[in-house]
Amino acid sequence: MDAFALLIAATLNAGTVLAFAALGLLINERAGIVNLGAEGIMLVAAVAGFATAVHTGSDWVAFAAGMGAGALMAAAFGWLVIWLNTNQYASGLALSLFGAGFSAFVGIRYTQEKLSQRSHFDVPGLADIPFIGPALFRQHPLVYLAIVLAVALTWFLYRSRAGLVLRAVGESPESAHALGYPVRRIRFAAVMVGGALCGLAGAYISVIYTPLWVEGMVAGKGWIALALTTFATWRPARVLLGAYLFGGVTMLQFHLQGEGLQVSSQLLTAMPYLSTIIVLVLISRNAAWIRANMPASLGKPFSPGS
Amino acid sequence: MLTLESRSEPSRTMTIVSPLLALGITVVIGMLLFMMLGKDPMRGLQVFFIEPVKSGYALSELAVKATPLLLIALGLSVCFRSNVWNIGAEGQFILGAIAAGGVAMMADKDSSRFIVIAILLAGAAGGMAWAAIVAFLRDRANANEILVSLMLVYVADMLLSYLVYGPWKDPAAYNFPQTISFLEPTKIPRLFSGWRVTIGAVIAVIAVFLFWLFLFRTYAGFQLQVGGLAPAAARYAGFSSRKALWMAMLGSGGMAGLAGGLEAAGPLGQLTPHVPAGYGFAAIIVAFVGRLHPVGVVFSTVLMSMFYIGGELAQSRLGLPKSLTGVFQGMLLFALLACDTLIVYRIRWRHSPHHASASSGQAKPLPRGDESKPLAVDPSDAEQGAKV
């Protein structure tokens, strides 16, 4: 029973990383931009966050640094794809490849560093309830923030005027432009916010989740987050659900190994990647459903006629 | 203010100038980086651009790096030209190495030298099989090839480590995760004794010629290119997009697998968890910098191999991390994408944006032919292709 509570807690923790990244990418994609650089952004943000935490000792400053690094990288990407109309796939790949190299280069002196004792967080009053307490109420504040963010994003996209404009920019940039909205600036803002959220996810990995810095430690979570947006048909609530589902798959492997299950550890490590493929296949089979939900101008460059 | 003005047609000069400009930008930033790190930038230039071509032995080492890069990049060029985004070449490379290694381990010391042919064929088949999964899922289930091919890189990595930690582990290796050293008859023949460069380099050069023939002198190559540049036109002409997908995936997977086989039975001589060295990812940059053209790819391969050797030398001689290579590789692709803007646009100095109306009679901005597909594949493409 206690083990099960811990599994739920670990699932929420692992899911939070994916949730921040995927919600960020969702904002990008709702504005019509596919950012394949998520993995690179997360790596650079992870090293930026970890280094900041080592030097300042403050997790919150580290998160800010991660978000800043993410937004900065996203800005470079946004400048290329929005103002110079470069191919979004190639530019995103460039960002991912650069991020992998750059984070390894900068991070080499931090591979031996350790962070000070991680503090525990208990929600007063609720953390001591048997089972539910350890499962749900002893999490890092960011775990709850991810849920708040998903709710807020749902409200923003479907209930606010600004959200409507953002969706319009992703569905039909020409119409939004004709109505007088600055399509490129809106897209750029969306890319920056998305990058900052991917950055937060990256910093969360290196500062809270692991917590240490290892080269390539994001280990494909950026790519899984990209798959999650499709899986969730671009809805924030489903993104959150999907993130926890994948967090659960990641955690189940440790759990099963702990239970002494006779399966090779490599197969278990490959589980999240295999599940991503399976989920993608299942979701993409229903072509009409994808078409009905996908932002209509996803991946298409827009330049206002001169 | 500086503004971008679209050209009436893409500039052919800029197509060639842009990679050089990107290299220039990368070199300048690289020298600044060296200065910031307190190293002599001229020494940096020497390490990256002079030392790798200084002697016969250095050139042989350069060719060792260039062989897998060139083979993979050739396959990817065809793939990207047909607008199929296989970014999992690294995984196909690993599977090629595994398959080739499996055959190599079946040999005994009396095996014929011709087993090398079987090893290389196994490598290519391994890469093809891994790529075929991607093609199949894209074809049958519309699953996005970018994400599937990339996820399979991690799975391939796990498969390799399962084998070298498990069933294929050399019992005499003091529990190190590695297979036996492959026996002498299975080694890819070297070109010169004492130098590590193998016949793989020759195969790669022949492949350049074959790919050039395929792309520009065969009907199938033409169909692939039309499919990538103008999917609607290709559909109208009755070219099958499914056939193009399969050809692109199997072709690029086979090349990556061949590279993996050459690497495993060549310079490595055994399988370890360190088989994947990032060639599959670096080759993406090679393909783009080489303009997706077989001859251009040769030049960009040499350049990227220099980055590899330069990074290693920077580590041993200047005490800088080897990952410098990755920084420069990523920077080069980024700079290239920015410079490529000059192919379809020219930079103009404009005093105020109000003059914009003066150019209204000009051609509309060219749509960039390389418009990205959304991550979820538009099903209409596949469905209409299937009818053909």
# chains A, B, ... in the order shown; residues from 1 in each chain; ligands from 1
call {"tool": "residues_around", "arguments": {"residues": "B:Gln270", "least_positions_apart": "4", "cutoff": "7 Å", "atoms": "only C-alpha atoms", "output": "list in words"}}
result
Thr179, Ile180, Ser181, Phe182, Ala264 and Ala265 of chain B
call {"tool": "write_last_selection", "arguments": {"atoms": "N, CA and C atoms", "output": "PDB file, in the first residue's frame"}}
result
ATOM      1  N   THR B 179      31.575  -7.138 -26.693  1.00  0.00           N
ATOM      2  CA  THR B 179      31.618  -8.451 -27.326  1.00  0.00           C
ATOM      3  C   THR B 179      33.090  -8.860 -27.490  1.00  0.00           C
ATOM      4  N   ILE B 180      33.292 -10.060 -28.013  1.00  0.00           N
ATOM      5  CA  ILE B 180      34.659 -10.464 -28.345  1.00  0.00           C
ATOM      6  C   ILE B 180      35.204  -9.539 -29.427  1.00  0.00           C
ATOM      7  N   SER B 181      36.523  -9.427 -29.532  1.00  0.00           N
ATOM      8  CA  SER B 181      37.100  -8.705 -30.667  1.00  0.00           C
ATOM      9  C   SER B 181      36.879  -9.571 -31.897  1.00  0.00           C
ATOM     10  N   PHE B 182      36.368  -8.951 -32.952  1.00  0.00           N
ATOM     11  CA  PHE B 182      36.069  -9.738 -34.148  1.00  0.00           C
ATOM     12  C   PHE B 182      37.365 -10.312 -34.712  1.00  0.00           C
ATOM     13  N   ALA B 264      31.530  -0.913 -37.187  1.00  0.00           N
ATOM     14  CA  ALA B 264      31.664  -1.997 -36.206  1.00  0.00           C
ATOM     15  C   ALA B 264      32.784  -2.960 -36.584  1.00  0.00           C
ATOM     16  N   ALA B 265      32.800  -3.378 -37.866  1.00  0.00           N
ATOM     17  CA  ALA B 265      33.807  -4.350 -38.291  1.00  0.00           C
ATOM     18  C   ALA B 265      35.088  -3.665 -38.742  1.00  0.00           C
TER      19      ALA B 265
END
call {"tool": "residues_around", "arguments": {"residues": "A:Val34", "least_positions_apart": "2", "cutoff": "7 Å", "atoms": "only C-alpha atoms", "output": "JSON, numbers by chain"}}
result
{"A": [28, 29, 32, 36, 88, 298, 299]}
call {"tool": "write_last_selection", "arguments": {"atoms": "N, CA and C atoms", "output": "short mmCIF file (atom, residue, chain, number, x, y, z; two decimals), in the first residue's frame"}}
result
data_model
loop_
_atom_site.label_atom_id
_atom_site.label_comp_id
_atom_site.auth_asym_id
_atom_site.auth_seq_id
_atom_site.Cartn_x
_atom_site.Cartn_y
_atom_site.Cartn_z
N ASN A 28 2.94 26.95 -28.34
CA ASN A 28 3.58 27.14 -29.65
C ASN A 28 2.68 26.67 -30.78
N GLU A 29 2.20 25.45 -30.62
CA GLU A 29 1.50 24.82 -31.73
C GLU A 29 0.13 25.43 -31.96
N GLY A 32 0.61 27.94 -34.29
CA GLY A 32 1.02 27.49 -35.62
C GLY A 32 2.49 27.15 -35.77
N LEU A 36 10.80 21.75 -32.86
CA LEU A 36 11.50 20.49 -32.62
C LEU A 36 12.74 20.69 -31.75
N GLN A 88 10.66 25.18 -40.35
CA GLN A 88 10.51 24.99 -38.91
C GLN A 88 11.17 23.69 -38.43
N LEU A 298 -0.64 24.78 -38.73
CA LEU A 298 0.52 24.28 -37.99
C LEU A 298 1.67 24.01 -38.94
N GLY A 299 2.83 24.61 -38.63
CA GLY A 299 4.02 24.37 -39.43
C GLY A 299 4.13 25.20 -40.69
#
call {"tool": "closest_atom_pairs", "arguments": {"of": "chain A", "to": "chain B", "cutoff": "6 Å", "atoms": "only C-alpha atoms", "output": "JSON lines"}}
result
{"residue": "A:Asn87", "atom": "CA", "partner": "B:Asp370", "partner_atom": "CA", "distance": 5.9}
{"residue": "A:Gln88", "atom": "CA", "partner": "B:Ser372", "partner_atom": "CA", "distance": 5.9}
{"residue": "A:Ala94", "atom": "CA", "partner": "B:Gly330", "partner_atom": "CA", "distance": 5.7}
{"residue": "A:Leu97", "atom": "CA", "partner": "B:Gly330", "partner_atom": "CA", "distance": 5.3}
{"residue": "A:Phe98", "atom": "CA", "partner": "B:Gly330", "partner_atom": "CA", "distance": 3.8}
{"residue": "A:Gly101", "atom": "CA", "partner": "B:Gly326", "partner_atom": "CA", "distance": 4.0}
{"residue": "A:Phe102", "atom": "CA", "partner": "B:Val327", "partner_atom": "CA", "distance": 5.0}
{"residue": "A:Ala104", "atom": "CA", "partner": "B:Ser323", "partner_atom": "CA", "distance": 6.0}
{"residue": "A:Phe105", "atom": "CA", "partner": "B:Ser323", "partner_atom": "CA", "distance": 5.1}
{"residue": "A:Gln266", "atom": "CA", "partner": "B:Met158", "partner_atom": "CA", "distance": 5.2}
{"residue": "A:Ala270", "atom": "CA", "partner": "B:Val155", "partner_atom": "CA", "distance": 5.4}
{"residue": "A:Tyr273", "atom": "CA", "partner": "B:Met151", "partner_atom": "CA", "distance": 5.4}
{"residue": "A:Ile277", "atom": "CA", "partner": "B:Val148", "partner_atom": "CA", "distance": 5.8}
{"residue": "A:Leu280", "atom": "CA", "partner": "B:Ala143", "partner_atom": "CA", "distance": 5.8}
{"residue": "A:Val281", "atom": "CA", "partner": "B:Ala143", "partner_atom": "CA", "distance": 5.1}
{"residue": "A:Ser284", "atom": "CA", "partner": "B:Asn142", "partner_atom": "CA", "distance": 5.5}
{"residue": "A:Arg285", "atom": "CA", "partner": "B:Ala141", "partner_atom": "CA", "distance": 4.6}
{"residue": "A:Ala287", "atom": "CA", "partner": "B:Pro379", "partner_atom": "CA", "distance": 5.7}
{"residue": "A:Leu298", "atom": "CA", "partner": "B:Pro374", "partner_atom": "CA", "distance": 5.3}
{"residue": "A:Gly299", "atom": "CA", "partner": "B:Pro374", "partner_atom": "CA", "distance": 5.0}
{"residue": "A:Lys300", "atom": "CA", "partner": "B:Glu371", "partner_atom": "CA", "distance": 6.0}
call {"tool": "write_last_selection", "arguments": {"atoms": "N, CA and C atoms", "output": "compact mmCIF listing (two decimals), in the first residue's frame"}}
result
# COMPACT_ATOMS: atom_id res chain seq x y z
N ASN A 87 12.66 26.91 -42.59
CA ASN A 87 11.91 25.69 -42.37
C ASN A 87 11.86 25.38 -40.87
N GLN A 88 10.66 25.18 -40.35
CA GLN A 88 10.51 24.99 -38.91
C GLN A 88 11.17 23.69 -38.43
N ALA A 94 18.13 22.11 -35.61
CA ALA A 94 19.37 22.83 -35.36
C ALA A 94 19.46 23.20 -33.88
N LEU A 97 20.25 20.05 -31.82
CA LEU A 97 21.64 19.60 -31.97
C LEU A 97 22.58 20.57 -31.26
N PHE A 98 22.32 21.88 -31.43
CA PHE A 98 23.14 22.88 -30.77
C PHE A 98 23.01 22.74 -29.25
N GLY A 101 25.06 19.84 -27.83
CA GLY A 101 26.49 20.13 -27.78
C GLY A 101 26.82 21.19 -26.75
N PHE A 102 26.04 22.27 -26.77
CA PHE A 102 26.33 23.41 -25.90
C PHE A 102 26.18 23.04 -24.43
N ALA A 104 26.49 20.10 -23.08
CA ALA A 104 27.59 19.22 -22.70
C ALA A 104 28.86 20.03 -22.47
N PHE A 105 29.06 21.02 -23.34
CA PHE A 105 30.26 21.86 -23.26
C PHE A 105 30.28 22.69 -21.98
N GLN A 266 17.16 -3.08 -19.63
CA GLN A 266 17.15 -2.30 -20.86
C GLN A 266 15.76 -2.24 -21.46
N ALA A 270 13.52 1.12 -22.09
CA ALA A 270 13.00 1.46 -23.41
C ALA A 270 11.48 1.67 -23.40
N TYR A 273 9.82 5.04 -24.47
CA TYR A 273 9.97 5.33 -25.89
C TYR A 273 9.04 4.44 -26.71
N ILE A 277 5.71 5.48 -29.14
CA ILE A 277 5.44 5.03 -30.51
C ILE A 277 4.04 4.42 -30.58
N LEU A 280 1.37 7.08 -30.35
CA LEU A 280 1.32 7.86 -31.59
C LEU A 280 0.57 7.11 -32.68
N VAL A 281 0.88 5.81 -32.77
CA VAL A 281 0.25 4.99 -33.80
C VAL A 281 -1.27 4.93 -33.56
N SER A 284 -2.82 8.44 -34.24
CA SER A 284 -2.75 8.93 -35.61
C SER A 284 -3.61 8.11 -36.56
N ARG A 285 -3.96 6.90 -36.17
CA ARG A 285 -4.78 6.06 -37.05
C ARG A 285 -6.10 6.74 -37.37
N ALA A 287 -7.47 9.42 -38.54
CA ALA A 287 -7.03 10.60 -39.27
C ALA A 287 -8.02 11.76 -39.18
N LEU A 298 -0.64 24.78 -38.73
CA LEU A 298 0.52 24.28 -37.99
C LEU A 298 1.67 24.01 -38.94
N GLY A 299 2.83 24.61 -38.63
CA GLY A 299 4.02 24.37 -39.43
C GLY A 299 4.13 25.20 -40.69
N LYS A 300 3.11 26.01 -40.98
CA LYS A 300 3.16 26.80 -42.21
C LYS A 300 3.68 28.21 -41.91
call {"tool": "residues_around", "arguments": {"residues": "B:Gly123", "least_positions_apart": "4", "cutoff": "6 Å", "atoms": "only C-alpha atoms", "output": "NGL selection string"}}
result
:B and (96-97 or 99-100 or 257-258 or 261)
call {"tool": "residues_around", "arguments": {"residues": "stretch 152-154 of chain A", "least_positions_apart": "5", "cutoff": "8 Å", "atoms": "only C-alpha atoms", "output": "VMD selection string"}}
result
chain A and resid 159 235 to 237
call {"tool": "write_last_selection", "arguments": {"atoms": "N, CA and C atoms", "output": "JSON list (two decimals), in the first residue's frame"}}
result
[["chain", "number", "residue", "atom", "x", "y", "z"],
["A", 159, "ARG", "N", -11.70, 30.81, -23.14],
["A", 159, "ARG", "CA", -12.58, 31.78, -22.50],
["A", 159, "ARG", "C", -12.09, 33.22, -22.58],
["A", 235, "ARG", "N", -5.25, 19.80, -26.47],
["A", 235, "ARG", "CA", -6.07, 20.26, -25.34],
["A", 235, "ARG", "C", -5.24, 20.21, -24.07],
["A", 236, "PRO", "N", -5.22, 21.31, -23.30],
["A", 236, "PRO", "CA", -4.38, 21.36, -22.09],
["A", 236, "PRO", "C", -4.70, 20.25, -21.09],
["A", 237, "ALA", "N", -5.98, 19.98, -20.84],
["A", 237, "ALA", "CA", -6.33, 18.97, -19.82],
["A", 237, "ALA", "C", -5.81, 17.60, -20.24]]
call {"tool": "atom_distance", "arguments": {"atom1": "atom CA of B:Pro52", "atom2": "atom CA of B:Glu263"}}
result
19.8 Å
call {"tool": "select_by_dssp", "arguments": {"residues": "stretch 135-198 of chain A", "states": "helix (DSSP H, G or I)", "output": "PyMOL selection string"}}
result
chain A and resi 135-136+141-159+161-171+173-178+183-198
call {"tool": "write_last_selection", "arguments": {"atoms": "C-alpha atoms", "output": "compact mmCIF listing (two decimals), in the first residue's frame"}}
result
# COMPACT_ATOMS: atom_id res chain seq x y z
CA ALA A 135 0.62 9.98 -2.56
CA LEU A 136 -0.59 13.50 -3.30
CA PRO A 141 5.09 23.23 -5.25
CA LEU A 142 5.77 23.12 -9.01
CA VAL A 143 3.81 19.86 -9.21
CA TYR A 144 0.69 21.74 -8.16
CA LEU A 145 1.65 24.70 -10.31
CA ALA A 146 1.60 22.45 -13.39
CA ILE A 147 -2.03 21.58 -12.64
CA VAL A 148 -2.88 25.23 -12.10
CA LEU A 149 -1.15 26.07 -15.37
CA ALA A 150 -3.18 23.50 -17.31
CA VAL A 151 -6.42 24.88 -15.88
CA ALA A 152 -5.36 28.45 -16.53
CA LEU A 153 -4.36 27.59 -20.09
CA THR A 154 -7.73 25.99 -20.74
CA TRP A 155 -9.42 29.16 -19.53
CA PHE A 156 -7.05 31.31 -21.57
CA LEU A 157 -7.54 29.40 -24.83
CA TYR A 158 -11.30 28.96 -24.69
CA ARG A 159 -12.58 31.78 -22.50
CA ARG A 161 -10.12 37.13 -26.00
CA ALA A 162 -6.33 36.88 -26.15
CA GLY A 163 -6.64 33.09 -26.34
CA LEU A 164 -9.05 33.41 -29.22
CA VAL A 165 -6.57 35.60 -31.06
CA LEU A 166 -3.79 33.09 -30.39
CA ARG A 167 -5.89 30.29 -31.82
CA ALA A 168 -6.84 32.42 -34.81
CA VAL A 169 -3.17 32.99 -35.53
CA GLY A 170 -2.63 29.23 -35.57
CA GLU A 171 -5.73 28.39 -37.56
CA PRO A 173 -2.92 33.69 -39.93
CA GLU A 174 -4.20 35.43 -43.07
CA SER A 175 -7.55 36.19 -41.43
CA ALA A 176 -5.90 37.32 -38.20
CA HIS A 177 -3.62 39.57 -40.22
CA ALA A 178 -6.57 41.00 -42.15
CA VAL A 183 0.55 37.75 -36.46
CA ARG A 184 4.34 37.55 -36.33
CA ARG A 185 4.62 39.24 -32.94
CA ILE A 186 1.92 37.03 -31.47
CA ARG A 187 3.67 33.95 -32.82
CA PHE A 188 6.98 35.19 -31.45
CA ALA A 189 5.46 35.76 -28.02
CA ALA A 190 3.97 32.26 -28.09
CA VAL A 191 7.36 30.79 -29.01
CA MET A 192 9.06 32.67 -26.16
CA VAL A 193 6.48 31.56 -23.59
CA GLY A 194 6.69 27.99 -24.89
CA GLY A 195 10.49 28.10 -24.65
CA ALA A 196 10.33 29.44 -21.10
CA LEU A 197 8.03 26.59 -20.06
CA CYS A 198 10.32 24.01 -21.71
call {"tool": "atom_distance", "arguments": {"atom1": "atom CA of B:Ala122", "atom2": "atom CA of B:Gly266"}}
result
14.3 Å
call {"tool": "residues_around", "arguments": {"residues": "B:Gly200", "least_positions_apart": "2", "cutoff": "10 Å", "atoms": "only C-alpha atoms", "output": "compact mmCIF listing (two decimals) with N, CA and C atoms, in the first residue's frame"}}
result
# COMPACT_ATOMS: atom_id res chain seq x y z
N ALA B 63 39.46 10.60 -42.90
CA ALA B 63 38.64 9.72 -43.73
C ALA B 63 37.86 8.73 -42.87
N VAL B 64 38.44 8.32 -41.74
CA VAL B 64 37.74 7.40 -40.83
C VAL B 64 36.45 8.06 -40.33
N ALA B 66 35.00 10.63 -41.90
CA ALA B 66 34.21 11.06 -43.05
C ALA B 66 33.39 9.92 -43.64
N THR B 67 33.91 8.68 -43.54
CA THR B 67 33.22 7.55 -44.18
C THR B 67 31.77 7.40 -43.68
N PRO B 68 31.54 7.24 -42.37
CA PRO B 68 30.14 7.09 -41.95
C PRO B 68 29.31 8.35 -42.22
N LEU B 71 28.32 8.45 -45.99
CA LEU B 71 27.33 7.43 -46.34
C LEU B 71 25.95 7.80 -45.80
N LEU B 120 28.78 -6.60 -44.45
CA LEU B 120 28.29 -5.30 -44.90
C LEU B 120 26.83 -5.38 -45.34
N ILE B 188 37.20 -5.26 -41.86
CA ILE B 188 37.10 -4.54 -43.13
C ILE B 188 38.52 -4.22 -43.59
N PRO B 189 38.88 -4.62 -44.84
CA PRO B 189 40.26 -4.41 -45.29
C PRO B 189 40.68 -2.94 -45.25
N ARG B 190 41.89 -2.70 -44.78
CA ARG B 190 42.41 -1.33 -44.76
C ARG B 190 43.01 -0.98 -46.10
N LEU B 191 43.06 0.30 -46.39
CA LEU B 191 43.61 0.73 -47.67
C LEU B 191 45.13 0.73 -47.62
N VAL B 197 42.21 3.99 -42.19
CA VAL B 197 41.19 4.16 -43.24
C VAL B 197 40.98 2.84 -43.98
N THR B 198 39.70 2.47 -44.19
CA THR B 198 39.38 1.18 -44.81
C THR B 198 38.79 1.38 -46.20
N VAL B 202 36.35 4.12 -49.94
CA VAL B 202 36.17 3.95 -51.38
C VAL B 202 34.69 3.72 -51.69
N ILE B 203 34.06 2.87 -50.86
CA ILE B 203 32.63 2.60 -51.04
C ILE B 203 31.84 3.92 -50.97
N ALA B 204 32.21 4.78 -50.02
CA ALA B 204 31.50 6.04 -49.85
C ALA B 204 31.65 6.92 -51.09
N VAL B 205 32.87 6.94 -51.67
CA VAL B 205 33.08 7.77 -52.85
C VAL B 205 32.28 7.23 -54.03
N ILE B 206 32.25 5.90 -54.17
CA ILE B 206 31.44 5.30 -55.24
C ILE B 206 29.96 5.64 -55.02
N LEU B 258 24.71 0.47 -43.37
CA LEU B 258 26.00 0.15 -44.00
C LEU B 258 27.13 0.86 -43.25
N ALA B 259 26.89 2.13 -42.94
CA ALA B 259 27.89 2.89 -42.19
C ALA B 259 28.14 2.23 -40.84
N GLY B 261 27.76 -0.94 -40.08
CA GLY B 261 28.50 -2.18 -40.28
C GLY B 261 29.98 -1.93 -40.53
N LEU B 262 30.26 -0.91 -41.36
CA LEU B 262 31.66 -0.57 -41.65
C LEU B 262 32.39 -0.12 -40.39
N GLU B 263 31.66 0.60 -39.54
CA GLU B 263 32.27 1.12 -38.30
C GLU B 263 32.54 -0.03 -37.32
N GLY B 266 35.08 -2.32 -38.78
CA GLY B 266 36.28 -1.59 -39.19
C GLY B 266 37.02 -1.03 -37.99
call {"tool": "residues_around", "arguments": {"residues": "A:Phe131", "least_positions_apart": "4", "cutoff": "9 Å", "atoms": "only C-alpha atoms", "output": "number ranges by chain"}}
result
A: 1-2, 4-6, 135-136
call {"tool": "write_last_selection", "arguments": {"atoms": "N, CA and C atoms", "output": "CSV table (one decimal), in the first residue's frame"}}
result
chain,number,residue,atom,x,y,z
A,1,MET,N,0.8,-1.2,0.0
A,1,MET,CA,0.0,0.0,0.0
A,1,MET,C,0.9,1.2,0.0
A,2,ASP,N,1.9,1.3,0.9
A,2,ASP,CA,2.8,2.4,1.0
A,2,ASP,C,3.6,2.5,-0.3
A,4,PHE,N,2.6,1.7,-3.2
A,4,PHE,CA,1.7,2.2,-4.2
A,4,PHE,C,1.5,3.7,-4.1
A,5,ALA,N,1.4,4.2,-2.9
A,5,ALA,CA,1.3,5.6,-2.7
A,5,ALA,C,2.6,6.3,-3.2
A,6,LEU,N,3.7,5.7,-2.9
A,6,LEU,CA,5.0,6.3,-3.4
A,6,LEU,C,5.1,6.3,-5.0
A,135,ALA,N,0.8,10.1,-1.1
A,135,ALA,CA,0.6,10.0,-2.6
A,135,ALA,C,0.5,11.4,-3.2
A,136,LEU,N,-0.2,12.3,-2.6
A,136,LEU,CA,-0.6,13.5,-3.3
A,136,LEU,C,0.0,14.8,-2.7
call {"tool": "closest_residue", "arguments": {"among": "A:Gly202, A:Gly70, A:Gly216, A:Pro272", "to": "A:Ala19", "atoms": "only C-alpha atoms"}}
result
A:Gly202
call {"tool": "closest_residue", "arguments": {"among": "B:Phe93, B:Ser11, B:Phe80, B:Ile199", "to": "B:Leu224", "atoms": "only C-alpha atoms"}}
result
B:Phe80
call {"tool": "atom_distance", "arguments": {"atom1": "atom CA of A:Leu245", "atom2": "atom CA of A:Leu12"}}
result
9.2 Å
call {"tool": "residues_around", "arguments": {"residues": "B:Ala73", "least_positions_apart": "2", "cutoff": "8 Å", "atoms": "only C-alpha atoms", "output": "list in words"}}
result
Leu69, Leu70, Leu71, Gly75, Leu76, Ser77, Ala283, Ile284, Val286, Ala287 and Val297 of chain B
call {"tool": "write_last_selection", "arguments": {"atoms": "C-alpha atoms", "output": "short mmCIF file (atom, residue, chain, number, x, y, z; two decimals), in the first residue's frame"}}
result
data_model
loop_
_atom_site.label_atom_id
_atom_site.label_comp_id
_atom_site.auth_asym_id
_atom_site.auth_seq_id
_atom_site.Cartn_x
_atom_site.Cartn_y
_atom_site.Cartn_z
CA LEU B 69 29.17 10.77 -42.22
CA LEU B 70 29.25 10.70 -46.01
CA LEU B 71 27.33 7.43 -46.34
CA GLY B 75 20.92 8.67 -47.81
CA LEU B 76 19.44 11.51 -45.78
CA SER B 77 19.82 13.95 -48.70
CA ALA B 283 24.90 13.68 -40.82
CA ILE B 284 21.66 15.69 -40.73
CA VAL B 286 26.11 17.47 -43.25
CA ALA B 287 23.15 16.88 -45.57
CA VAL B 297 27.68 16.64 -49.26
#
call {"tool": "closest_residue", "arguments": {"among": "B:Gly254, B:Gly44, B:Gly290, B:Gly278", "to": "B:Leu95", "atoms": "only C-alpha atoms"}}
result
B:Gly254
call {"tool": "decode", "arguments": {"residues": "stretch 40-76 of chain A", "atoms": "C-alpha atoms", "output": "compact mmCIF listing (two decimals), in the first residue's frame"}}
result
# COMPACT_ATOMS: atom_id res chain seq x y z
CA GLY A 40 17.86 21.14 -26.85
CA ILE A 41 16.09 23.90 -24.95
CA MET A 42 15.49 21.57 -22.02
CA LEU A 43 19.13 20.47 -21.96
CA VAL A 44 20.48 24.02 -21.94
CA ALA A 45 17.89 25.05 -19.34
CA ALA A 46 18.80 22.03 -17.23
CA VAL A 47 22.45 23.01 -17.11
CA ALA A 48 21.60 26.70 -16.60
CA GLY A 49 19.25 25.82 -13.75
CA PHE A 50 21.67 23.42 -12.14
CA ALA A 51 24.61 25.82 -12.35
CA THR A 52 22.48 28.61 -10.85
CA ALA A 53 21.33 26.35 -8.04
CA VAL A 54 24.95 25.39 -7.31
CA HIS A 55 26.11 29.02 -7.19
CA THR A 56 23.13 30.72 -5.53
CA GLY A 57 21.71 27.84 -3.52
CA SER A 58 18.23 28.97 -4.44
CA ASP A 59 15.95 26.63 -6.38
CA TRP A 60 13.64 29.45 -7.38
CA VAL A 61 16.43 31.54 -8.87
CA ALA A 62 17.47 28.34 -10.68
CA PHE A 63 14.00 27.93 -12.16
CA ALA A 64 14.09 31.55 -13.30
CA ALA A 65 17.48 30.95 -14.92
CA GLY A 66 16.14 27.86 -16.69
CA MET A 67 13.14 29.79 -17.96
CA GLY A 68 15.38 32.63 -19.10
CA ALA A 69 17.71 30.26 -20.95
CA GLY A 70 14.70 28.54 -22.54
CA ALA A 71 13.16 31.81 -23.66
CA LEU A 72 16.49 32.98 -25.08
CA MET A 73 16.95 29.83 -27.15
CA ALA A 74 13.35 29.97 -28.28
CA ALA A 75 13.89 33.59 -29.32
CA ALA A 76 16.71 32.55 -31.66
